[in-house]
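Chemist: Here you go, this is structure.txt (compact mmCIF, C-alpha atoms).
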# COMPACT_ATOMS: atom_id res chain seq x y z
CA MET O 2 -24.36 -14.76 -2.94
CA THR O 3 -22.71 -16.03 0.24
CA LEU O 4 -21.13 -13.76 2.85
CA PRO O 5 -18.31 -15.20 4.96
CA ASP O 6 -18.33 -15.70 8.69
CA ILE O 7 -15.56 -14.69 11.03
CA SER O 8 -14.16 -18.23 11.23
CA GLN O 9 -13.05 -17.91 7.59
CA TRP O 10 -10.66 -15.07 8.39
CA LEU O 11 -7.12 -14.97 9.73
CA HIS O 12 -6.67 -14.36 13.45
CA PRO O 13 -2.99 -13.46 14.04
CA GLU O 14 -1.23 -15.24 16.88
CA TRP O 15 0.20 -11.94 18.07
CA ARG O 16 -0.65 -10.66 21.52
CA PRO O 17 1.19 -7.40 22.24
CA HIS O 18 -1.35 -6.48 24.98
CA PRO O 19 -4.64 -7.96 26.27
CA ARG O 20 -6.60 -4.97 24.90
CA VAL O 21 -5.31 -5.34 21.34
CA ARG O 22 -7.53 -7.13 18.82
CA THR O 23 -6.53 -8.04 15.26
CA LEU O 24 -8.12 -9.62 12.21
CA VAL O 25 -7.30 -10.19 8.54
CA THR O 26 -10.17 -10.88 6.16
CA THR O 27 -9.81 -13.34 3.29
CA ARG O 28 -11.49 -13.66 -0.09
CA LEU O 29 -13.51 -16.68 1.05
CA GLY O 30 -17.21 -16.33 0.34
CA ARG O 31 -19.21 -15.69 -2.83
CA HIS O 32 -20.16 -12.05 -2.53
CA SER O 33 -18.42 -10.39 -5.49
CA PRO O 34 -18.32 -12.03 -8.94
CA PRO O 35 -15.25 -12.35 -11.19
CA PRO O 36 -12.76 -10.76 -11.45
CA TRP O 37 -13.06 -9.98 -7.71
CA HIS O 38 -13.95 -13.58 -6.85
CA GLY O 39 -15.11 -13.56 -3.25
CA PHE O 40 -15.23 -11.04 -0.42
CA ASN O 41 -13.84 -7.82 -1.85
CA LEU O 42 -13.57 -4.78 0.43
CA GLY O 43 -11.78 -2.49 -2.03
CA MET O 44 -13.77 0.49 -3.28
CA ASN O 45 -11.40 1.51 -6.10
CA CYS O 46 -10.80 -1.72 -7.99
CA GLY O 47 -13.83 -1.75 -10.31
CA ASP O 48 -16.36 -3.57 -8.15
CA GLU O 49 -19.83 -2.09 -7.65
CA PRO O 50 -19.74 0.45 -4.77
CA ASP O 51 -23.05 -0.75 -3.31
CA ARG O 52 -21.75 -4.32 -3.18
CA VAL O 53 -18.52 -3.21 -1.48
CA GLU O 54 -20.49 -1.15 1.04
CA GLN O 55 -22.58 -4.21 1.85
CA ALA O 56 -19.40 -6.21 2.43
CA ARG O 57 -18.03 -3.49 4.69
CA ARG O 58 -21.25 -3.39 6.71
CA HIS O 59 -21.09 -7.16 7.07
CA LEU O 60 -17.53 -6.92 8.37
CA HIS O 61 -18.51 -4.26 10.91
CA LYS O 62 -21.44 -6.38 12.08
CA LEU O 63 -19.17 -9.35 12.72
CA LEU O 64 -16.58 -7.19 14.49
CA GLY O 65 -19.25 -5.83 16.82
CA THR O 66 -17.30 -2.63 17.49
CA ASP O 67 -18.78 0.76 18.39
CA HIS O 68 -17.36 2.36 15.25
CA PRO O 69 -17.07 0.97 11.74
CA PRO O 70 -13.51 0.51 10.48
CA ALA O 71 -11.64 3.71 9.65
CA TRP O 72 -11.26 3.18 5.90
CA LEU O 73 -8.60 5.06 3.94
CA ARG O 74 -8.19 6.27 0.37
CA GLN O 75 -4.72 4.80 -0.04
CA VAL O 76 -2.27 6.54 -2.39
CA HIS O 77 1.11 4.83 -1.76
CA GLY O 78 2.34 7.80 0.27
CA ASP O 79 3.58 8.45 3.80
CA ARG O 80 0.62 10.25 5.41
CA LEU O 81 -0.87 8.90 8.64
CA ILE O 82 -4.15 10.12 10.11
CA ALA O 83 -6.10 9.67 13.31
CA ALA O 84 -9.24 7.54 13.04
CA GLY O 85 -12.16 9.83 12.32
CA ASP O 86 -10.19 12.40 10.32
CA PRO O 87 -12.53 13.38 7.43
CA ASP O 88 -9.53 13.77 5.11
CA ASN O 89 -8.83 10.07 4.75
CA GLU O 90 -6.42 10.19 1.81
CA ALA O 91 -3.57 8.46 3.64
CA ASP O 92 -1.74 5.17 3.99
CA GLY O 93 -1.86 4.78 7.73
CA VAL O 94 -4.39 5.29 10.51
CA TRP O 95 -4.05 5.23 14.29
CA THR O 96 -6.25 5.57 17.36
CA GLY O 97 -6.17 5.54 21.13
CA GLN O 98 -9.93 5.07 21.37
CA ALA O 99 -11.49 1.73 22.15
CA GLY O 100 -13.78 0.13 19.59
CA TRP O 101 -12.48 1.97 16.52
CA PRO O 102 -10.80 -0.46 14.09
CA CYS O 103 -7.90 0.85 12.04
CA ALA O 104 -7.84 -0.80 8.62
CA VAL O 105 -5.72 -1.03 5.51
CA LEU O 106 -6.56 -2.76 2.23
CA THR O 107 -4.00 -4.74 0.25
CA ALA O 108 -3.53 -7.18 -2.60
CA ASP O 109 0.30 -7.66 -2.47
CA CYS O 110 1.49 -4.59 -0.56
CA LEU O 111 2.47 -5.17 3.06
CA PRO O 112 -0.02 -4.43 5.86
CA VAL O 113 1.77 -3.52 9.09
CA LEU O 114 -0.11 -3.48 12.41
CA LEU O 115 1.45 -1.58 15.31
CA ALA O 116 0.55 -1.48 18.99
CA ARG O 117 1.93 0.23 22.05
CA ALA O 118 3.13 -2.33 24.56
CA ASP O 119 0.93 -0.72 27.21
CA GLY O 120 -2.19 -1.19 25.07
CA SER O 121 -3.01 2.52 24.82
CA ALA O 122 -2.84 3.01 21.03
CA VAL O 123 -2.71 1.06 17.78
CA ALA O 124 -2.15 1.74 14.08
CA ALA O 125 -2.54 0.07 10.69
CA VAL O 126 -0.16 0.95 7.86
CA HIS O 127 -0.22 0.23 4.11
CA ALA O 128 3.41 -0.37 3.14
CA GLY O 129 4.10 -0.97 -0.53
CA TRP O 130 7.58 -0.29 -1.84
CA ARG O 131 6.80 3.39 -2.43
CA GLY O 132 5.48 3.92 1.07
CA LEU O 133 8.38 2.02 2.59
CA HIS O 134 10.85 4.09 0.61
CA ALA O 135 9.06 7.31 1.60
CA GLY O 136 9.41 6.41 5.29
CA ILE O 137 5.83 5.70 6.28
CA LEU O 138 6.86 3.23 8.99
CA ALA O 139 9.16 5.77 10.63
CA ARG O 140 6.33 8.31 10.50
CA ALA O 141 3.91 5.80 12.03
CA VAL O 142 6.32 4.97 14.84
CA ALA O 143 6.93 8.65 15.56
CA THR O 144 3.17 9.24 15.69
CA LEU O 145 2.35 6.24 17.85
CA ALA O 146 5.36 6.54 20.15
CA PRO O 147 6.31 10.25 20.27
CA ASN O 148 8.04 9.80 23.63
CA GLY O 149 9.77 6.54 22.79
CA GLN O 150 7.02 4.25 24.06
CA ALA O 151 7.67 0.57 23.41
CA LEU O 152 5.94 -0.76 20.30
CA SER O 153 5.24 -4.15 18.79
CA ALA O 154 4.63 -4.82 15.09
CA TRP O 155 2.94 -7.53 13.05
CA LEU O 156 3.59 -7.99 9.32
CA GLY O 157 0.57 -9.24 7.42
CA PRO O 158 0.07 -11.16 4.17
CA ALA O 159 2.05 -9.67 1.27
CA ILE O 160 3.78 -10.76 -1.88
CA SER O 161 7.03 -12.57 -1.07
CA ALA O 162 10.44 -12.19 -2.71
CA ARG O 163 10.01 -15.40 -4.67
CA ALA O 164 7.03 -13.85 -6.49
CA TYR O 165 7.95 -10.14 -6.55
CA GLN O 166 10.22 -8.86 -9.31
CA VAL O 167 11.32 -5.23 -9.41
CA GLY O 168 13.63 -3.20 -11.62
CA GLU O 169 16.99 -1.60 -11.01
CA ASP O 170 15.27 1.70 -10.18
CA VAL O 171 13.68 0.22 -7.05
CA HIS O 172 16.90 -1.55 -6.08
CA ARG O 173 18.91 1.67 -6.41
CA ALA O 174 16.32 3.74 -4.56
CA PHE O 175 16.55 1.52 -1.48
CA LEU O 176 20.33 1.29 -1.57
CA ASN O 177 20.34 5.08 -1.44
CA LEU O 178 18.60 4.78 1.94
CA GLY O 179 21.43 2.63 3.26
CA PRO O 180 23.54 -0.36 2.26
CA GLU O 181 21.69 -2.59 4.72
CA TYR O 182 18.73 -2.61 2.32
CA GLY O 183 20.77 -4.71 -0.10
CA GLY O 184 19.77 -7.70 2.03
CA ALA O 185 16.15 -7.25 0.95
CA PHE O 186 17.06 -7.98 -2.70
CA GLN O 187 18.12 -11.11 -4.54
CA HIS O 188 19.42 -11.31 -8.10
CA ASP O 189 16.79 -12.35 -10.61
CA SER O 190 17.49 -14.50 -13.66
CA GLN O 191 16.44 -11.57 -15.85
CA PRO O 192 19.24 -8.99 -16.14
CA GLY O 193 18.49 -5.69 -14.46
CA HIS O 194 15.77 -7.19 -12.28
CA TRP O 195 15.66 -8.21 -8.64
CA ARG O 196 13.51 -10.22 -6.27
CA PHE O 197 12.42 -7.91 -3.47
CA SER O 198 11.27 -8.78 0.06
CA LEU O 199 8.84 -6.23 1.45
CA THR O 200 8.94 -7.92 4.85
CA HIS O 201 12.76 -7.71 5.00
CA ALA O 202 12.71 -4.03 4.04
CA ALA O 203 9.95 -3.30 6.58
CA THR O 204 11.88 -5.07 9.32
CA LEU O 205 14.95 -2.94 8.56
CA ALA O 206 12.83 0.23 8.59
CA LEU O 207 11.25 -0.70 11.93
CA ASN O 208 14.57 -1.67 13.49
CA ALA O 209 16.03 1.67 12.42
CA VAL O 210 13.47 3.51 14.56
CA GLY O 211 13.76 1.23 17.57
CA VAL O 212 11.07 -1.40 16.95
CA ASP O 213 12.55 -4.86 17.44
CA ASP O 214 9.46 -6.77 18.60
CA ILE O 215 8.23 -7.89 15.17
CA ALA O 216 6.04 -10.89 14.32
CA GLY O 217 4.26 -12.23 11.25
CA GLY O 218 5.46 -12.05 7.66
CA ASP O 219 4.55 -15.68 6.96
CA HIS O 220 1.86 -15.40 4.27
CA CYS O 221 2.52 -14.80 0.55
CA THR O 222 -0.46 -13.35 -1.30
CA ALA O 223 0.68 -14.49 -4.75
CA SER O 224 1.16 -18.06 -3.53
CA ASP O 225 -2.22 -18.40 -1.80
CA LEU O 226 -4.91 -17.17 -4.16
CA ARG O 227 -7.53 -19.24 -2.35
CA HIS O 228 -7.34 -16.94 0.65
CA PHE O 229 -5.82 -13.67 -0.56
CA TYR O 230 -5.98 -11.26 -3.47
CA SER O 231 -2.81 -10.64 -5.52
CA TYR O 232 -2.59 -7.84 -8.06
CA ARG O 233 0.68 -9.19 -9.44
CA ALA O 234 -0.75 -12.66 -9.98
CA GLU O 235 -4.25 -11.69 -11.13
CA GLY O 236 -4.30 -8.17 -12.53
CA GLN O 237 -7.74 -6.70 -11.81
CA THR O 238 -8.80 -8.19 -8.51
CA GLY O 239 -10.20 -7.36 -5.07
CA ARG O 240 -8.69 -6.25 -1.77
CA PHE O 241 -8.66 -7.82 1.68
CA ALA O 242 -8.41 -5.92 4.97
CA SER O 243 -6.00 -6.06 7.89
CA LEU O 244 -7.50 -4.55 11.04
CA ILE O 245 -6.41 -3.64 14.56
CA TRP O 246 -8.42 -2.10 17.40
CA LEU O 247 -8.58 -1.71 21.14
CA ALA O 248 -11.02 -3.42 23.46
CA PRO O 249 -12.34 -1.29 26.36
CA ALA O 250 -9.90 -0.93 29.24
Take the structure in the file and give it back as structure tokens.

Modeler:
Amino acid sequence: MTLPDISQWLHPEWRPHPRVRTLVTTRLGRHSPPPWHGFNLGMNCGDEPDRVEQARRHLHKLLGTDHPPAWLRQVHGDRLIAAGDPDNEADGVWTGQAGWPCAVLTADCLPVLLARADGSAVAAVHAGWRGLHAGILARAVATLAPNGQALSAWLGPAISARAYQVGEDVHRAFLNLGPEYGGAFQHDSQPGHWRFSLTHAATLALNAVGVDDIAGGDHCTASDLRHFYSYRAEGQTGRFASLIWLAPA
């Protein structure tokens, strides 16, 4: 059993404010056995809970923050909570407190990190196609910037359009939101199927609520199984975390 060190994780080159800190874990390390293969932080994917808790404690130790990450029970919905809310069945979490990491777990869905430009609040959002369609990004922006405060967003590792096939039902559902979402889809060789870009759809959703400062979106989970988990590519597998928090003022 080998636990990873912080140098084996992804440190986004995104600096919306000097107080904002970000980190994306990878699967590097030999903590969980097959089929989780590495450093799994997901509690609901079949791995032993005690082993996952050990991994989460290791992550917190390396972060060195006052609070452990605010973990969620993600359900592909549009609910956002404040860090520390005991009812953690949600797909987004935010905080204005220093030293309290907001975290989402993914294995193909899109993690979106948000920060106020003045460094006073941050959020982490789990944005699969269902959450995107339900409007979770608009809800997150409204929560984090209720008075129109300037926000910046970073799009984390997710499955890319070249690896993500969806049916006509998903295509039609997004077109019902607006014709601009047609740009997030490409015809697939299989009739009635489409290649779908989560990052394109998320960018459109963020733009629609006034967020234009958007970075990231460069990593495909299904194309980099050395570093990331991919449910579409692997079936039963683990989860990696995308985290954002505030340093003390």

Chemist: So that I can check the surroundings of Leu73 (chain O), please list as a VMD selection string every protein, DNA and RNA residue that reaches within 9 Å of it, counting all atoms listed in the file and ignoring chain neighbours fewer than 3 positions away.

Modeler: chain O and resid 88 to 94 104 to 106

Chemist: Considering all atoms listed in the file, state which residue in the set O:His127, O:His38, O:Val21, O:Gly193 is at the smallest distance from Thr96 (chain O).

Modeler: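 With all atoms listed in the file as the atom set, the closest residue is O:Val21.
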
Chemist: May I have the residues within 8 Å of Ile137 (chain O) as a list in words, using all atoms listed in the file and disregarding those fewer than 2 positions away in the same chain?

Modeler: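 Counting all atoms listed in the file, the residues come to Gly78, Asp79, Arg80, Leu81, Asp92, Gly93, Val126, Ala128, Gly132, Leu133, His134, Ala135, Ala139, Arg140 and Ala141 of chain O.
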
Chemist: Enumerate, in order of chain and increasing residue number, the residues of region 28-137 of chain O with an atom no farther than 6 Å from region 228-235 of chain O, each with its shortest atom pair and distance in Å to one decimal, counting all atoms listed in the file, as JSON lines.

Modeler:
{"residue": "O:Arg28", "atom": "CA", "partner": "O:His228", "partner_atom": "CA", "distance": 5.3}
{"residue": "O:Ala108", "atom": "CA", "partner": "O:Ser231", "partner_atom": "CA", "distance": 4.6}
{"residue": "O:Asp109", "atom": "CA", "partner": "O:Ser231", "partner_atom": "CA", "distance": 5.3}

Chemist: Rank O:Gly39, O:Pro17, O:Gly217, O:Pro180 by their smallest atom-to-atom distance to Leu4 (chain O), using all atoms listed in the file, and report the top residue only.

Modeler: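 Closest to Leu4 (chain O) of all the choices is O:Gly39.
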